[in-house]
Amino acid sequence: MVAIIKTGQSIRRILNYNELKVKTGVAECLGALNYPIDANKMRFSTKLNRFTKQIELNQNVKRNSVHISLNFDVSEGGLKQEKLLAIAEDYMHKIGFGKQPYLVYEHFDAGHPHIHIVTTNIEADGKRIDLHHLGIRKSEPARKAIEKEFNLVEAEAQKKRKIFQLKPVALGKVTYGKSQTKMAIQNVLEAVVGQYKYTSLSELNAVLKQYNVVAEHGSEDSRVNKHGGLLYRVLDGEGKPIGVPVKASLFYSKPTLKNLEQQFKENEARRTPYQGRLKNAIDKAFLGKSVSLAQLVSQLEKQGIYTVLRLSESGLVYGITYVDHQIKTVFNGSDLGKQYSAKGIQDRCVSHSDFPQTGIKPNLSEKQSRLSHAADKEADSLTGEEKPFPGILDSLLQAEQTHDSVPGQLMKKKKKKRNIKNAR
């Protein structure tokens, strides 16, 4: 069992998120604990009022809402509702929330069984339950104890296996202008944004695009772009946006550019310890044998590492990003070192042009040139329409280097003129 705890400032937003899932048929409210009546007899307003009245007892606390998800192994899909409710009650008691009002929801929109718990950390006497290091101090011991008590698959065992079960957005279920689009994107964001360690928007998109979702700034003249906003869109089978874009601020988890930029900074340090696994996996693929780029990509994929190649229109590989689903970490090749960059990998492979066509397509919405990683990150602030095509950029880069081919005599003449001028 894996427990994820999130805190917030709006109990209405958290409750609305779960109730909307119930309304659309992808979730069910299993129980209302420490409520005066059963969950199936309450309206939305009744559920919300129970929380708001208790929260009002201490208006000095800003982060007064708690949203917990308990995630079980794929093999435990047959867990009955009574057992899920018993697990929730035991868990809440162990972390010190046993007397709090809380609602338990079972969600059916993911590849693994899981439940969500909505509650507040304001107690009946107005005191605040400390949330600092709640996961380490209380949740982890509670999780381990519950795994034994209910004979559940241990979290450590899940991590050793390939447990990432998120599926790409089913395009047939996305209707233009309908709520299905937002919900489909929300499911992907919930599994990716807060759990993966990435340090730029392009690295985040390297993950999102695998599930037919992309984050973008909007067109150059758009209000969203001018105000530093962010839009999320669904992609079709060819990687082209379809349906209506959804503003980041409309999602429950608030994956806005401002919040993401804060995560970029935090993830710089968080992902550092995981460089070794990725480097070892790449080096091992080359150990004692000749490997093509296609073979390297295939071998890494077997270990849960997805390789994203950035290609020019002519098919030239100018960038490489590694998405490690096993440890949920994203690295641009150049961040790992020169030998792991696009050029370094191609130099180590037996064939520079032999790359897999399936799942790795030219991405014309990103810079089309052999840019450094620093320039690639700077390019995140540009929209697809602003970014130059490879021919234009290549010619600019070439022009900057033409001084090497200027005849030596001309260089000397220029030098002579400067000397004369200085002499005067």
# chains A, B, ... in the order shown; residues from 1 in each chain; ligands from 1
call {"tool": "residues_around", "arguments": {"residues": "Asp130 of chain A", "least_positions_apart": "3", "cutoff": "9 Å", "atoms": "only C-alpha atoms", "output": "PyMOL selection string"}}
result
chain A and resi 121+133-134
call {"tool": "select_by_dssp", "arguments": {"residues": "segment 29-250 of chain A", "states": "alpha helix (DSSP H)", "output": "ChimeraX atom specification"}}
result
/A:44-55,81-94,134,140-149,155-160,179-192,201-208,223-226
call {"tool": "closest_residue", "arguments": {"among": "A:Asp90, A:Glu56, A:Glu106, A:Asp38", "to": "Ala145 of chain A", "atoms": "only C-alpha atoms"}}
result
A:Asp90
call {"tool": "residues_around", "arguments": {"residues": "segment 60-74 of chain A", "least_positions_apart": "2", "cutoff": "6 Å", "atoms": "only C-alpha atoms", "output": "PyMOL selection string"}}
result
chain A and resi 1-9+11+58+76-77+112-121
call {"tool": "write_last_selection", "arguments": {"atoms": "N, CA and C atoms", "output": "compact mmCIF listing (two decimals), in the first residue's frame"}}
result
# COMPACT_ATOMS: atom_id res chain seq x y z
N MET A 1 0.84 -1.20 0.00
CA MET A 1 0.00 0.00 0.00
C MET A 1 0.87 1.24 0.00
N VAL A 2 0.52 2.21 -0.79
CA VAL A 2 1.24 3.47 -0.86
C VAL A 2 0.28 4.59 -0.45
N ALA A 3 0.69 5.39 0.54
CA ALA A 3 -0.15 6.50 1.04
C ALA A 3 0.43 7.82 0.57
N ILE A 4 -0.43 8.66 0.01
CA ILE A 4 -0.03 9.99 -0.45
C ILE A 4 -0.89 11.03 0.25
N ILE A 5 -0.24 11.97 0.94
CA ILE A 5 -0.95 12.99 1.71
C ILE A 5 -0.73 14.36 1.06
N LYS A 6 -1.84 15.05 0.78
CA LYS A 6 -1.77 16.41 0.25
C LYS A 6 -2.58 17.33 1.15
N THR A 7 -2.08 18.53 1.35
CA THR A 7 -2.80 19.51 2.17
C THR A 7 -3.16 20.72 1.32
N GLY A 8 -4.21 21.43 1.71
CA GLY A 8 -4.63 22.58 0.93
C GLY A 8 -5.37 23.60 1.77
N GLN A 9 -5.83 24.65 1.08
CA GLN A 9 -6.52 25.75 1.76
C GLN A 9 -8.01 25.79 1.44
N ILE A 11 -11.28 23.25 1.35
CA ILE A 11 -11.94 21.97 1.51
C ILE A 11 -13.02 21.78 0.44
N ASN A 58 -11.07 27.61 13.98
CA ASN A 58 -9.70 28.14 14.04
C ASN A 58 -9.36 28.76 12.69
N GLU A 76 -4.51 -6.52 -6.20
CA GLU A 76 -5.50 -6.43 -5.12
C GLU A 76 -6.80 -5.78 -5.59
N GLY A 77 -7.09 -5.93 -6.87
CA GLY A 77 -8.29 -5.33 -7.44
C GLY A 77 -9.58 -5.89 -6.90
N HIS A 112 -4.94 0.83 -10.99
CA HIS A 112 -4.77 0.11 -9.72
C HIS A 112 -5.89 0.54 -8.77
N PRO A 113 -6.29 -0.31 -7.84
CA PRO A 113 -7.33 0.06 -6.87
C PRO A 113 -6.81 1.11 -5.89
N HIS A 114 -7.64 2.08 -5.58
CA HIS A 114 -7.24 3.11 -4.61
C HIS A 114 -8.46 3.83 -4.06
N ILE A 115 -8.27 4.41 -2.87
CA ILE A 115 -9.34 5.18 -2.23
C ILE A 115 -8.81 6.56 -1.87
N HIS A 116 -9.73 7.52 -1.78
CA HIS A 116 -9.39 8.88 -1.38
C HIS A 116 -10.12 9.22 -0.08
N ILE A 117 -9.45 9.96 0.78
CA ILE A 117 -10.02 10.36 2.06
C ILE A 117 -9.96 11.88 2.17
N VAL A 118 -11.10 12.50 2.46
CA VAL A 118 -11.20 13.96 2.59
C VAL A 118 -11.47 14.30 4.05
N THR A 119 -10.66 15.19 4.61
CA THR A 119 -10.85 15.55 6.01
C THR A 119 -10.25 16.93 6.30
N THR A 120 -10.28 17.35 7.55
CA THR A 120 -9.66 18.60 7.99
C THR A 120 -8.77 18.32 9.20
N ASN A 121 -7.77 19.17 9.40
CA ASN A 121 -6.88 19.00 10.54
C ASN A 121 -7.27 19.91 11.71
call {"tool": "atom_distance", "arguments": {"atom1": "atom CA of Thr329 of chain A", "atom2": "atom CA of Phe286 of chain A"}}
result
21.8 Å
call {"tool": "closest_atom_pairs", "arguments": {"of": "segment 270-360 of chain A", "to": "segment 197-200 of chain A", "cutoff": "12 Å", "atoms": "only C-alpha atoms", "output": "Markdown table"}}
result
| residue | atom | partner | partner_atom | distance |
| --- | --- | --- | --- | --- |
| A:Arg270 | CA | A:Lys197 | CA | 7.0 |
| A:Arg271 | CA | A:Lys197 | CA | 5.9 |
| A:Thr272 | CA | A:Lys197 | CA | 9.7 |
| A:Pro273 | CA | A:Lys197 | CA | 11.3 |
| A:Tyr274 | CA | A:Lys197 | CA | 10.0 |
| A:Gln275 | CA | A:Lys197 | CA | 11.7 |
| A:Thr321 | CA | A:Tyr198 | CA | 10.8 |
| A:Tyr322 | CA | A:Tyr198 | CA | 10.6 |
| A:Val323 | CA | A:Tyr198 | CA | 9.2 |
| A:Asp324 | CA | A:Lys197 | CA | 9.7 |
| A:His325 | CA | A:Lys197 | CA | 10.4 |
| A:Gln326 | CA | A:Lys197 | CA | 11.8 |
| A:Ile327 | CA | A:Lys197 | CA | 8.9 |
| A:Lys328 | CA | A:Lys197 | CA | 6.3 |
| A:Thr329 | CA | A:Lys197 | CA | 4.7 |
| A:Val330 | CA | A:Tyr198 | CA | 5.2 |
| A:Phe331 | CA | A:Tyr198 | CA | 7.1 |
| A:Asn332 | CA | A:Thr199 | CA | 9.2 |
| A:Asp335 | CA | A:Thr199 | CA | 10.6 |
